[in-house]
There are 2 protein chains.
Amino acid sequence: MRNVLLTLAYDGTNFCGWQRQPNVRTVQGELEQALSQVCGEEIELNGTSRTDAGVHALGQCASFTGNFGIPTERIPLAANNLLEDIRVLDAKEMPEGFHARFDAKGKTYLYRIATAPLPPLFLRNNFYWLDSLPDTKPMGEAASLLVGTHNFAAFQAAGGTPRETTVRTLRDVKISPSHFSDMFGEYAGIDIEVNGDGFLYNMVRIIAGTLAEVGLGLRTAADVQTALASHERKDAGRTAPPQGLYLKQVHF
Amino acid sequence: MRNVLLTLAYDGTNFCGWQRQPNVRTVQGELEQALSQVCGEEIELNGTSRTDAGVHALGQCASFTGNFGIPTERIPLAANNLLEDIRVLDAKEMPEGFHARFDAKGKTYLYRIATAPLPPLFLRNNFYWLDSLPDTKPMGEAASLLVGTHNFAAFQAAGGTPRETTVRTLRDVKISPSHFSDMFGEYAGIDIEVNGDGFLYNMVRIIAGTLAEVGLGLRTAADVQTALASHERKDAGRTAPPQGLYLKQVHF
């Protein structure tokens with residue numbers, strides 16, 4: 001039995017998320033169909049992360065096993081020829097028993113905020129568009145309070161898979177200014193990068209929404225401390241929209 | 001009766017072109033629905049150009065008449081609130097009898113070519129992606145042959161509205177290098193800008209496909225001269241794909 005680990009990028013805009021579901025377009029569904037054709041046998045994927053509808057990936061991982069003939073190094077090109085908004089960036093052979101979800105030691109997410117009076121036409125699905133730019137200084141102060149091992153119950157949305165514990169460790173929460181342009185003009189934004197051992201349902205989007213509110217002066221770093229201590233969802237900020245979120249890297 | 005002229009930008013990716021059709025998503029259909037809501041009466045649009053599926057606009061124009069109450073200057077914001085991949089850039093009052101199609105004196109189209117081994121994930125629908133960069137020098141020579149008044153029968157696809165004559169005047173065909181970047185890297189490309197009094201079906205895409213082939217050394221400027229003289233579609237190059245094409249400006 002061969003065991004292959006894929007590294008994937010995708011534009012989440014036109015997908016109902018990662019997880020295969022009947023009658024809707026999902027990343028897992030599209031990718032399994034392409035890989036089944038490439039491998040000449042039914043492929044079932046184990047994805048590291050079940051990204052939501054609209055969420056993008058720059059380095060999602062997924063593993064699968066089988067007795068197919070195609071050499072591992074040829075899988076990316078062969079699969080990419082069949083795919084439209086998913087890219088297989090890499091494929092490598094792993095030891096028997098390896099599993100992209102159970103063996104992941106952590107993940108890094110990128111959350112992108114930017115400003116414009118109206119979301120620019122061709123970038124509308126790639127950022128959380130705000131009218132005015134949050135201030136990175138208080139955001140950085142609030143972000144530093146989140147680093148470390150905490151009970152993140154206040155930063156969890158209802159509706160996810162039930163978890164044994166809401167304690168998670170964030171290794172780093174980085175806030176950095178961004179600048180970019182398109183055919184219509186230039187834009188300023190803020191990138192939030194969160195590296196942690198695991199994440200609760202919508203945790204990065206709630207962190208991003210909370211930090212944006214701190215940067216806009218709508219809440220303080222002390223409020224973030226309060227939310228961490230109270231474990232109450234109502235004490236954290238809003239859930240930022242999915243289109244600003246990118247699964248950047250999986251750590252094994 | 002008020003007569004309003006709109007200037008529009010849109011991302012053509014998820015539209016079956018401009019023209020309203022039953023049961024499919026079109027720019028005219030979506031926009032008429034939004035404007036009818038904004039104006040409180042049934043709006044019917046006269047668009048300057050019936051752009052095809054996948055073709056974008058930076059400056060499409062459309063006019064409509066009615067006795068609605070909303071001030072003209074408020075229409076863009078009100079409509080944009082209801083739209084997702086269309087932007088109303090401007091609205092202005094025109095004299096009675098003005099018609100966005102019949103009164104147009106010409107149009108400028110932009111066709112964007114770029115190079116990458118694999119179309120970049122978030123820019124895949126915005127350029128004609130080639131493996132290698134065409135040479136702008138022979139492209140410029142071939143382009144200059146197209147400027148002026150010619151019978152462009154060889155640069156017309158079958159299937160368009162029948163026209164009385166295939167003679168058109170191109171005022172300018174500009175070839176210029178482009179450079180841009182995204183999250184994944186930097187890219188080089190070529191922009192082709194075509195300004196003319198009128199265009200046959202798929203004319204800009206056939207011009208772009210032909211010029212790209214000249215730039216890649218697959219055909220010569222002399223071949224372009226041959227196509228202009230023969231009036232035979234087979235003597236021109238391939239039809240470049242819709243996603244590289246932008247209706248940039250309408251001239252009145």
# chains A, B, ... in the order shown; residues from 1 in each chain; ligands from 1
>>> interface_residues(of="chain A", to="chain B", cutoff="12 Å", atoms="only C-alpha atoms", output="PDB file with N, CA and C atoms, in the first residue's frame")
ATOM      1  N   LEU A   8      -1.566  21.361  -0.974  1.00  0.00           N
ATOM      2  CA  LEU A   8      -2.589  21.913  -1.859  1.00  0.00           C
ATOM      3  C   LEU A   8      -2.809  23.403  -1.652  1.00  0.00           C
ATOM      4  N   ALA A   9      -3.098  24.093  -2.742  1.00  0.00           N
ATOM      5  CA  ALA A   9      -3.602  25.464  -2.658  1.00  0.00           C
ATOM      6  C   ALA A   9      -4.961  25.469  -3.334  1.00  0.00           C
ATOM      7  N   TYR A  10      -5.868  26.275  -2.843  1.00  0.00           N
ATOM      8  CA  TYR A  10      -7.138  26.447  -3.562  1.00  0.00           C
ATOM      9  C   TYR A  10      -7.780  27.791  -3.283  1.00  0.00           C
ATOM     10  N   ASP A  11      -8.579  28.187  -4.254  1.00  0.00           N
ATOM     11  CA  ASP A  11      -9.411  29.383  -4.164  1.00  0.00           C
ATOM     12  C   ASP A  11     -10.751  28.891  -3.620  1.00  0.00           C
ATOM     13  N   GLY A  12     -11.053  29.250  -2.378  1.00  0.00           N
ATOM     14  CA  GLY A  12     -12.238  28.697  -1.728  1.00  0.00           C
ATOM     15  C   GLY A  12     -13.568  29.288  -2.190  1.00  0.00           C
ATOM     16  N   THR A  13     -13.491  30.328  -3.024  1.00  0.00           N
ATOM     17  CA  THR A  13     -14.692  31.090  -3.393  1.00  0.00           C
ATOM     18  C   THR A  13     -15.865  30.235  -3.885  1.00  0.00           C
ATOM     19  N   ASN A  14     -15.570  29.337  -4.810  1.00  0.00           N
ATOM     20  CA  ASN A  14     -16.667  28.578  -5.416  1.00  0.00           C
ATOM     21  C   ASN A  14     -16.839  27.174  -4.837  1.00  0.00           C
ATOM     22  N   HIS A  56      -9.733  30.005   1.809  1.00  0.00           N
ATOM     23  CA  HIS A  56      -8.721  29.598   0.842  1.00  0.00           C
ATOM     24  C   HIS A  56      -7.616  28.766   1.495  1.00  0.00           C
ATOM     25  N   ALA A  57      -6.783  28.147   0.673  1.00  0.00           N
ATOM     26  CA  ALA A  57      -5.627  27.428   1.198  1.00  0.00           C
ATOM     27  C   ALA A  57      -4.404  27.709   0.352  1.00  0.00           C
ATOM     28  N   LEU A  58      -3.287  27.917   1.028  1.00  0.00           N
ATOM     29  CA  LEU A  58      -1.994  28.072   0.365  1.00  0.00           C
ATOM     30  C   LEU A  58      -1.145  26.840   0.635  1.00  0.00           C
ATOM     31  N   GLY A  59      -1.514  26.056   1.653  1.00  0.00           N
ATOM     32  CA  GLY A  59      -0.734  24.875   2.029  1.00  0.00           C
ATOM     33  C   GLY A  59      -1.562  23.879   2.831  1.00  0.00           C
ATOM     34  N   PRO A  76       1.144  15.623  -9.204  1.00  0.00           N
ATOM     35  CA  PRO A  76       0.722  17.028  -9.270  1.00  0.00           C
ATOM     36  C   PRO A  76       0.334  17.471 -10.681  1.00  0.00           C
ATOM     37  N   LEU A  77       1.204  17.257 -11.655  1.00  0.00           N
ATOM     38  CA  LEU A  77       0.932  17.706 -13.019  1.00  0.00           C
ATOM     39  C   LEU A  77      -0.322  17.042 -13.580  1.00  0.00           C
ATOM     40  N   ASN A  80      -3.364  18.494 -11.751  1.00  0.00           N
ATOM     41  CA  ASN A  80      -3.597  19.904 -12.088  1.00  0.00           C
ATOM     42  C   ASN A  80      -4.228  20.077 -13.466  1.00  0.00           C
ATOM     43  N   ASN A  81      -3.928  19.144 -14.372  1.00  0.00           N
ATOM     44  CA  ASN A  81      -4.541  19.205 -15.700  1.00  0.00           C
ATOM     45  C   ASN A  81      -6.053  19.035 -15.650  1.00  0.00           C
ATOM     46  N   LEU A  83      -7.879  20.040 -12.895  1.00  0.00           N
ATOM     47  CA  LEU A  83      -8.436  20.919 -11.872  1.00  0.00           C
ATOM     48  C   LEU A  83      -8.456  22.361 -12.335  1.00  0.00           C
ATOM     49  N   GLU A  84      -9.363  23.128 -11.757  1.00  0.00           N
ATOM     50  CA  GLU A  84      -9.561  24.504 -12.189  1.00  0.00           C
ATOM     51  C   GLU A  84      -9.156  25.490 -11.074  1.00  0.00           C
ATOM     52  N   ASP A  85      -9.715  25.310  -9.883  1.00  0.00           N
ATOM     53  CA  ASP A  85      -9.428  26.247  -8.794  1.00  0.00           C
ATOM     54  C   ASP A  85      -8.758  25.572  -7.595  1.00  0.00           C
ATOM     55  N   ILE A  86      -8.126  24.438  -7.875  1.00  0.00           N
ATOM     56  CA  ILE A  86      -7.298  23.741  -6.886  1.00  0.00           C
ATOM     57  C   ILE A  86      -5.943  23.497  -7.550  1.00  0.00           C
ATOM     58  N   ARG A  87      -4.855  23.647  -6.771  1.00  0.00           N
ATOM     59  CA  ARG A  87      -3.511  23.322  -7.286  1.00  0.00           C
ATOM     60  C   ARG A  87      -2.868  22.289  -6.379  1.00  0.00           C
ATOM     61  N   VAL A  88      -2.405  21.204  -6.958  1.00  0.00           N
ATOM     62  CA  VAL A  88      -1.598  20.247  -6.215  1.00  0.00           C
ATOM     63  C   VAL A  88      -0.160  20.748  -6.313  1.00  0.00           C
ATOM     64  N   LEU A  89       0.369  21.285  -5.201  1.00  0.00           N
ATOM     65  CA  LEU A  89       1.691  21.911  -5.212  1.00  0.00           C
ATOM     66  C   LEU A  89       2.790  20.883  -5.065  1.00  0.00           C
ATOM     67  N   LEU A 110      -3.311  32.461   7.772  1.00  0.00           N
ATOM     68  CA  LEU A 110      -3.132  33.872   7.443  1.00  0.00           C
ATOM     69  C   LEU A 110      -4.519  34.481   7.329  1.00  0.00           C
ATOM     70  N   ARG A 112      -6.295  38.049   6.094  1.00  0.00           N
ATOM     71  CA  ARG A 112      -5.982  39.296   5.386  1.00  0.00           C
ATOM     72  C   ARG A 112      -7.109  40.326   5.449  1.00  0.00           C
ATOM     73  N   PRO A 117     -13.152  51.912  -0.230  1.00  0.00           N
ATOM     74  CA  PRO A 117     -14.538  52.376  -0.065  1.00  0.00           C
ATOM     75  C   PRO A 117     -15.534  51.299  -0.519  1.00  0.00           C
ATOM     76  N   LEU A 118     -15.139  50.557  -1.561  1.00  0.00           N
ATOM     77  CA  LEU A 118     -15.955  49.477  -2.105  1.00  0.00           C
ATOM     78  C   LEU A 118     -14.972  48.342  -2.410  1.00  0.00           C
ATOM     79  N   PRO A 119     -15.274  47.077  -2.053  1.00  0.00           N
ATOM     80  CA  PRO A 119     -14.318  45.997  -2.332  1.00  0.00           C
ATOM     81  C   PRO A 119     -13.930  45.976  -3.816  1.00  0.00           C
ATOM     82  N   PRO A 120     -12.630  46.044  -4.138  1.00  0.00           N
ATOM     83  CA  PRO A 120     -12.220  46.052  -5.544  1.00  0.00           C
ATOM     84  C   PRO A 120     -12.722  44.784  -6.263  1.00  0.00           C
ATOM     85  N   LEU A 121     -13.209  44.999  -7.468  1.00  0.00           N
ATOM     86  CA  LEU A 121     -13.879  43.970  -8.261  1.00  0.00           C
ATOM     87  C   LEU A 121     -13.182  42.612  -8.264  1.00  0.00           C
ATOM     88  N   PHE A 122     -11.883  42.598  -8.554  1.00  0.00           N
ATOM     89  CA  PHE A 122     -11.202  41.317  -8.729  1.00  0.00           C
ATOM     90  C   PHE A 122     -10.527  40.813  -7.448  1.00  0.00           C
ATOM     91  N   LEU A 123     -10.629  41.574  -6.364  1.00  0.00           N
ATOM     92  CA  LEU A 123     -10.028  41.147  -5.086  1.00  0.00           C
ATOM     93  C   LEU A 123     -11.088  41.003  -4.010  1.00  0.00           C
ATOM     94  N   ARG A 124     -12.356  41.077  -4.410  1.00  0.00           N
ATOM     95  CA  ARG A 124     -13.444  41.094  -3.425  1.00  0.00           C
ATOM     96  C   ARG A 124     -13.506  39.834  -2.576  1.00  0.00           C
ATOM     97  N   ASN A 125     -13.086  38.705  -3.132  1.00  0.00           N
ATOM     98  CA  ASN A 125     -13.185  37.445  -2.399  1.00  0.00           C
ATOM     99  C   ASN A 125     -11.896  37.030  -1.700  1.00  0.00           C
ATOM    100  N   ASN A 126     -10.917  37.949  -1.633  1.00  0.00           N
ATOM    101  CA  ASN A 126      -9.622  37.586  -1.076  1.00  0.00           C
ATOM    102  C   ASN A 126      -9.206  38.335   0.180  1.00  0.00           C
ATOM    103  N   SER A 178       0.327  45.420   5.089  1.00  0.00           N
ATOM    104  CA  SER A 178       0.501  44.917   3.718  1.00  0.00           C
ATOM    105  C   SER A 178       0.179  46.031   2.724  1.00  0.00           C
ATOM    106  N   HIS A 179       0.783  45.939   1.550  1.00  0.00           N
ATOM    107  CA  HIS A 179       0.524  46.895   0.472  1.00  0.00           C
ATOM    108  C   HIS A 179       0.450  46.107  -0.820  1.00  0.00           C
ATOM    109  N   PHE A 180      -0.537  46.395  -1.628  1.00  0.00           N
ATOM    110  CA  PHE A 180      -0.678  45.675  -2.899  1.00  0.00           C
ATOM    111  C   PHE A 180      -1.492  46.525  -3.857  1.00  0.00           C
ATOM    112  N   SER A 181      -1.571  46.082  -5.101  1.00  0.00           N
ATOM    113  CA  SER A 181      -2.275  46.869  -6.109  1.00  0.00           C
ATOM    114  C   SER A 181      -2.969  45.953  -7.108  1.00  0.00           C
ATOM    115  N   ASP A 182      -3.896  46.526  -7.856  1.00  0.00           N
ATOM    116  CA  ASP A 182      -4.506  45.805  -8.969  1.00  0.00           C
ATOM    117  C   ASP A 182      -4.737  46.821 -10.093  1.00  0.00           C
ATOM    118  N   MET A 183      -5.555  46.480 -11.071  1.00  0.00           N
ATOM    119  CA  MET A 183      -5.785  47.370 -12.218  1.00  0.00           C
ATOM    120  C   MET A 183      -6.432  48.688 -11.807  1.00  0.00           C
ATOM    121  N   PHE A 184      -7.086  48.710 -10.637  1.00  0.00           N
ATOM    122  CA  PHE A 184      -7.873  49.869 -10.248  1.00  0.00           C
ATOM    123  C   PHE A 184      -7.148  50.813  -9.284  1.00  0.00           C
ATOM    124  N   ASP A 191      -2.025  42.006   7.634  1.00  0.00           N
ATOM    125  CA  ASP A 191      -2.029  40.547   7.642  1.00  0.00           C
ATOM    126  C   ASP A 191      -1.864  40.044   9.069  1.00  0.00           C
ATOM    127  N   TYR A 246      -6.833  32.209   4.984  1.00  0.00           N
ATOM    128  CA  TYR A 246      -6.017  31.279   4.201  1.00  0.00           C
ATOM    129  C   TYR A 246      -5.354  30.282   5.135  1.00  0.00           C
ATOM    130  N   LYS A 248      -2.387  28.481   5.641  1.00  0.00           N
ATOM    131  CA  LYS A 248      -1.082  28.749   5.001  1.00  0.00           C
ATOM    132  C   LYS A 248      -0.148  27.537   5.043  1.00  0.00           C
TER     133      LYS A 248
END
>>> select_by_dssp(residues="segment 72-177 of chain A", states="strand (DSSP E)", output="PyMOL selection string")
chain A and resi 86-93+106-115+128-130+148-151+167-177
>>> atom_distance(atom1="atom CA of Asn23 of chain B", atom2="atom CA of Pro22 of chain A")
23.5 Å
>>> closest_residue(among="A:Ala158, A:Ala208, A:Met1, A:Cys61", to="Gln249 of chain A", atoms="only C-alpha atoms")
A:Cys61
>>> residues_around(residues="Gly66 of chain B", least_positions_apart="3", cutoff="12 Å", atoms="only C-alpha atoms", output="VMD selection string")
chain B and resid 1 to 5 35 to 36 39 to 45 63 69 to 70 72 93 96
>>> atom_distance(atom1="atom CA of Gly237 of chain A", atom2="atom CA of Gln225 of chain A")
12.1 Å
>>> residues_around(residues="segment 169-173 of chain B", least_positions_apart="2", cutoff="12 Å", atoms="only C-alpha atoms", output="PyMOL selection string")
chain B and resi 105-111+139-152+165-167+175-176+191-200+203-204+207-208+211+251
>>> residues_around(residues="Arg205 of chain A", least_positions_apart="2", cutoff="9 Å", atoms="only C-alpha atoms", output="mmCIF file with N, CA, C and O atoms, in the first residue's frame")
data_model
loop_
_atom_site.group_PDB
_atom_site.id
_atom_site.type_symbol
_atom_site.label_atom_id
_atom_site.label_comp_id
_atom_site.auth_asym_id
_atom_site.auth_seq_id
_atom_site.Cartn_x
_atom_site.Cartn_y
_atom_site.Cartn_z
ATOM 1 N N TYR A 111 -4.727 35.637 7.978
ATOM 2 C CA TYR A 111 -5.995 36.341 7.796
ATOM 3 C C TYR A 111 -5.695 37.729 7.236
ATOM 4 O O TYR A 111 -4.933 38.495 7.820
ATOM 5 N N PHE A 155 -13.471 32.073 21.998
ATOM 6 C CA PHE A 155 -13.117 32.251 20.587
ATOM 7 C C PHE A 155 -13.554 31.044 19.761
ATOM 8 O O PHE A 155 -12.909 30.671 18.804
ATOM 9 N N ASN A 202 -14.038 28.105 13.890
ATOM 10 C CA ASN A 202 -14.022 29.555 13.584
ATOM 11 C C ASN A 202 -13.065 30.371 14.457
ATOM 12 O O ASN A 202 -13.147 31.616 14.489
ATOM 13 N N MET A 203 -12.135 29.697 15.145
ATOM 14 C CA MET A 203 -11.266 30.390 16.097
ATOM 15 C C MET A 203 -10.435 31.501 15.450
ATOM 16 O O MET A 203 -10.356 32.619 15.985
ATOM 17 N N ILE A 207 -10.701 35.463 16.235
ATOM 18 C CA ILE A 207 -9.503 36.210 16.632
ATOM 19 C C ILE A 207 -9.312 37.402 15.697
ATOM 20 O O ILE A 207 -9.094 38.537 16.150
ATOM 21 N N ALA A 208 -9.432 37.174 14.385
ATOM 22 C CA ALA A 208 -9.247 38.262 13.408
ATOM 23 C C ALA A 208 -10.301 39.350 13.598
ATOM 24 O O ALA A 208 -9.987 40.552 13.588
ATOM 25 N N GLY A 209 -11.541 38.956 13.790
ATOM 26 C CA GLY A 209 -12.620 39.923 14.004
ATOM 27 C C GLY A 209 -12.406 40.728 15.271
ATOM 28 O O GLY A 209 -12.623 41.952 15.304
ATOM 29 N N THR A 210 -11.937 40.052 16.323
ATOM 30 C CA THR A 210 -11.674 40.718 17.605
ATOM 31 C C THR A 210 -10.499 41.693 17.468
ATOM 32 O O THR A 210 -10.586 42.852 17.908
ATOM 33 N N ARG A 238 -16.575 40.056 16.708
ATOM 34 C CA ARG A 238 -17.348 39.379 15.668
ATOM 35 C C ARG A 238 -16.492 38.346 14.916
ATOM 36 O O ARG A 238 -15.263 38.398 14.930
ATOM 37 N N THR A 239 -17.163 37.430 14.266
ATOM 38 C CA THR A 239 -16.485 36.455 13.413
ATOM 39 C C THR A 239 -16.199 37.125 12.073
ATOM 40 O O THR A 239 -17.127 37.501 11.360
ATOM 41 N N ALA A 240 -14.927 37.315 11.753
ATOM 42 C CA ALA A 240 -14.572 37.945 10.472
ATOM 43 C C ALA A 240 -14.962 37.001 9.327
ATOM 44 O O ALA A 240 -14.999 35.787 9.502
ATOM 45 N N PRO A 241 -15.261 37.554 8.146
ATOM 46 C CA PRO A 241 -15.788 36.726 7.052
ATOM 47 C C PRO A 241 -14.757 35.727 6.501
ATOM 48 O O PRO A 241 -13.551 35.936 6.613
ATOM 49 N N PRO A 242 -15.244 34.649 5.888
ATOM 50 C CA PRO A 242 -14.360 33.559 5.444
ATOM 51 C C PRO A 242 -13.366 33.972 4.359
ATOM 52 O O PRO A 242 -12.261 33.429 4.308
ATOM 53 N N GLY A 244 -11.325 36.261 3.923
ATOM 54 C CA GLY A 244 -10.016 36.786 4.319
ATOM 55 C C GLY A 244 -9.076 35.706 4.830
ATOM 56 O O GLY A 244 -7.890 35.965 5.066
ATOM 57 N N LEU A 245 -9.586 34.491 4.987
ATOM 58 C CA LEU A 245 -8.813 33.432 5.655
ATOM 59 C C LEU A 245 -8.113 32.476 4.676
ATOM 60 O O LEU A 245 -8.715 32.013 3.719
#
>>> decode(residues="segment 75-99 of chain B", atoms="N, CA, C and O atoms", output="PDB file, in the first residue's frame")
ATOM      1  N   ILE B  75     -27.693  56.723  -7.731  1.00  0.00           N
ATOM      2  CA  ILE B  75     -27.889  55.394  -8.321  1.00  0.00           C
ATOM      3  C   ILE B  75     -26.677  54.472  -8.121  1.00  0.00           C
ATOM      4  O   ILE B  75     -26.850  53.318  -7.713  1.00  0.00           O
ATOM      5  N   PRO B  76     -25.430  54.956  -8.355  1.00  0.00           N
ATOM      6  CA  PRO B  76     -24.290  54.032  -8.207  1.00  0.00           C
ATOM      7  C   PRO B  76     -24.238  53.364  -6.832  1.00  0.00           C
ATOM      8  O   PRO B  76     -24.214  52.131  -6.743  1.00  0.00           O
ATOM      9  N   LEU B  77     -24.262  54.147  -5.757  1.00  0.00           N
ATOM     10  CA  LEU B  77     -24.159  53.585  -4.410  1.00  0.00           C
ATOM     11  C   LEU B  77     -25.311  52.627  -4.113  1.00  0.00           C
ATOM     12  O   LEU B  77     -25.119  51.525  -3.595  1.00  0.00           O
ATOM     13  N   ALA B  78     -26.531  53.054  -4.475  1.00  0.00           N
ATOM     14  CA  ALA B  78     -27.715  52.222  -4.200  1.00  0.00           C
ATOM     15  C   ALA B  78     -27.635  50.899  -4.954  1.00  0.00           C
ATOM     16  O   ALA B  78     -27.928  49.835  -4.398  1.00  0.00           O
ATOM     17  N   ALA B  79     -27.207  50.947  -6.209  1.00  0.00           N
ATOM     18  CA  ALA B  79     -27.118  49.711  -7.005  1.00  0.00           C
ATOM     19  C   ALA B  79     -25.968  48.837  -6.511  1.00  0.00           C
ATOM     20  O   ALA B  79     -26.116  47.619  -6.372  1.00  0.00           O
ATOM     21  N   ASN B  80     -24.816  49.466  -6.219  1.00  0.00           N
ATOM     22  CA  ASN B  80     -23.657  48.689  -5.770  1.00  0.00           C
ATOM     23  C   ASN B  80     -23.935  47.907  -4.487  1.00  0.00           C
ATOM     24  O   ASN B  80     -23.355  46.845  -4.268  1.00  0.00           O
ATOM     25  N   ASN B  81     -24.825  48.449  -3.658  1.00  0.00           N
ATOM     26  CA  ASN B  81     -25.194  47.733  -2.433  1.00  0.00           C
ATOM     27  C   ASN B  81     -25.893  46.407  -2.722  1.00  0.00           C
ATOM     28  O   ASN B  81     -25.923  45.526  -1.871  1.00  0.00           O
ATOM     29  N   LEU B  82     -26.466  46.290  -3.910  1.00  0.00           N
ATOM     30  CA  LEU B  82     -27.207  45.075  -4.273  1.00  0.00           C
ATOM     31  C   LEU B  82     -26.401  44.149  -5.176  1.00  0.00           C
ATOM     32  O   LEU B  82     -26.837  43.057  -5.509  1.00  0.00           O
ATOM     33  N   LEU B  83     -25.230  44.614  -5.609  1.00  0.00           N
ATOM     34  CA  LEU B  83     -24.455  43.862  -6.603  1.00  0.00           C
ATOM     35  C   LEU B  83     -23.206  43.255  -5.998  1.00  0.00           C
ATOM     36  O   LEU B  83     -22.660  43.772  -5.031  1.00  0.00           O
ATOM     37  N   GLU B  84     -22.774  42.181  -6.620  1.00  0.00           N
ATOM     38  CA  GLU B  84     -21.632  41.445  -6.095  1.00  0.00           C
ATOM     39  C   GLU B  84     -20.422  41.556  -7.032  1.00  0.00           C
ATOM     40  O   GLU B  84     -19.349  41.953  -6.604  1.00  0.00           O
ATOM     41  N   ASP B  85     -20.580  41.227  -8.291  1.00  0.00           N
ATOM     42  CA  ASP B  85     -19.449  41.241  -9.224  1.00  0.00           C
ATOM     43  C   ASP B  85     -19.644  42.231 -10.368  1.00  0.00           C
ATOM     44  O   ASP B  85     -19.030  42.112 -11.432  1.00  0.00           O
ATOM     45  N   ILE B  86     -20.496  43.211 -10.123  1.00  0.00           N
ATOM     46  CA  ILE B  86     -20.703  44.344 -11.037  1.00  0.00           C
ATOM     47  C   ILE B  86     -20.534  45.621 -10.210  1.00  0.00           C
ATOM     48  O   ILE B  86     -20.977  45.667  -9.068  1.00  0.00           O
ATOM     49  N   ARG B  87     -19.873  46.640 -10.804  1.00  0.00           N
ATOM     50  CA  ARG B  87     -19.764  47.934 -10.141  1.00  0.00           C
ATOM     51  C   ARG B  87     -20.336  49.012 -11.044  1.00  0.00           C
ATOM     52  O   ARG B  87     -19.917  49.120 -12.209  1.00  0.00           O
ATOM     53  N   VAL B  88     -21.264  49.796 -10.506  1.00  0.00           N
ATOM     54  CA  VAL B  88     -21.729  50.977 -11.226  1.00  0.00           C
ATOM     55  C   VAL B  88     -20.760  52.092 -10.873  1.00  0.00           C
ATOM     56  O   VAL B  88     -20.732  52.578  -9.742  1.00  0.00           O
ATOM     57  N   LEU B  89     -19.912  52.474 -11.823  1.00  0.00           N
ATOM     58  CA  LEU B  89     -18.855  53.463 -11.563  1.00  0.00           C
ATOM     59  C   LEU B  89     -19.388  54.886 -11.638  1.00  0.00           C
ATOM     60  O   LEU B  89     -18.892  55.781 -10.957  1.00  0.00           O
ATOM     61  N   ASP B  90     -20.365  55.078 -12.509  1.00  0.00           N
ATOM     62  CA  ASP B  90     -20.862  56.439 -12.720  1.00  0.00           C
ATOM     63  C   ASP B  90     -22.268  56.391 -13.312  1.00  0.00           C
ATOM     64  O   ASP B  90     -22.632  55.428 -13.990  1.00  0.00           O
ATOM     65  N   ALA B  91     -23.055  57.425 -13.037  1.00  0.00           N
ATOM     66  CA  ALA B  91     -24.388  57.578 -13.642  1.00  0.00           C
ATOM     67  C   ALA B  91     -24.558  59.039 -13.991  1.00  0.00           C
ATOM     68  O   ALA B  91     -24.271  59.909 -13.165  1.00  0.00           O
ATOM     69  N   LYS B  92     -24.971  59.311 -15.214  1.00  0.00           N
ATOM     70  CA  LYS B  92     -25.243  60.723 -15.541  1.00  0.00           C
ATOM     71  C   LYS B  92     -26.460  60.852 -16.449  1.00  0.00           C
ATOM     72  O   LYS B  92     -26.779  59.940 -17.212  1.00  0.00           O
ATOM     73  N   GLU B  93     -27.102  61.997 -16.298  1.00  0.00           N
ATOM     74  CA  GLU B  93     -28.323  62.288 -17.048  1.00  0.00           C
ATOM     75  C   GLU B  93     -27.941  62.659 -18.490  1.00  0.00           C
ATOM     76  O   GLU B  93     -27.002  63.430 -18.704  1.00  0.00           O
ATOM     77  N   MET B  94     -28.659  62.092 -19.465  1.00  0.00           N
ATOM     78  CA  MET B  94     -28.387  62.379 -20.873  1.00  0.00           C
ATOM     79  C   MET B  94     -29.630  62.991 -21.516  1.00  0.00           C
ATOM     80  O   MET B  94     -30.739  62.847 -21.002  1.00  0.00           O
ATOM     81  N   PRO B  95     -29.444  63.652 -22.667  1.00  0.00           N
ATOM     82  CA  PRO B  95     -30.607  64.229 -23.359  1.00  0.00           C
ATOM     83  C   PRO B  95     -31.566  63.119 -23.826  1.00  0.00           C
ATOM     84  O   PRO B  95     -31.122  61.989 -24.059  1.00  0.00           O
ATOM     85  N   GLU B  96     -32.827  63.472 -23.981  1.00  0.00           N
ATOM     86  CA  GLU B  96     -33.803  62.506 -24.469  1.00  0.00           C
ATOM     87  C   GLU B  96     -33.344  61.969 -25.831  1.00  0.00           C
ATOM     88  O   GLU B  96     -32.792  62.700 -26.641  1.00  0.00           O
ATOM     89  N   GLY B  97     -33.543  60.684 -26.044  1.00  0.00           N
ATOM     90  CA  GLY B  97     -33.167  60.094 -27.331  1.00  0.00           C
ATOM     91  C   GLY B  97     -31.772  59.483 -27.334  1.00  0.00           C
ATOM     92  O   GLY B  97     -31.431  58.710 -28.223  1.00  0.00           O
ATOM     93  N   PHE B  98     -30.950  59.810 -26.340  1.00  0.00           N
ATOM     94  CA  PHE B  98     -29.609  59.227 -26.282  1.00  0.00           C
ATOM     95  C   PHE B  98     -29.708  57.716 -26.067  1.00  0.00           C
ATOM     96  O   PHE B  98     -30.517  57.224 -25.295  1.00  0.00           O
ATOM     97  N   HIS B  99     -28.837  56.961 -26.754  1.00  0.00           N
ATOM     98  CA  HIS B  99     -28.866  55.501 -26.683  1.00  0.00           C
ATOM     99  C   HIS B  99     -27.417  54.993 -26.607  1.00  0.00           C
ATOM    100  O   HIS B  99     -26.599  55.314 -27.473  1.00  0.00           O
TER     101      HIS B  99
END
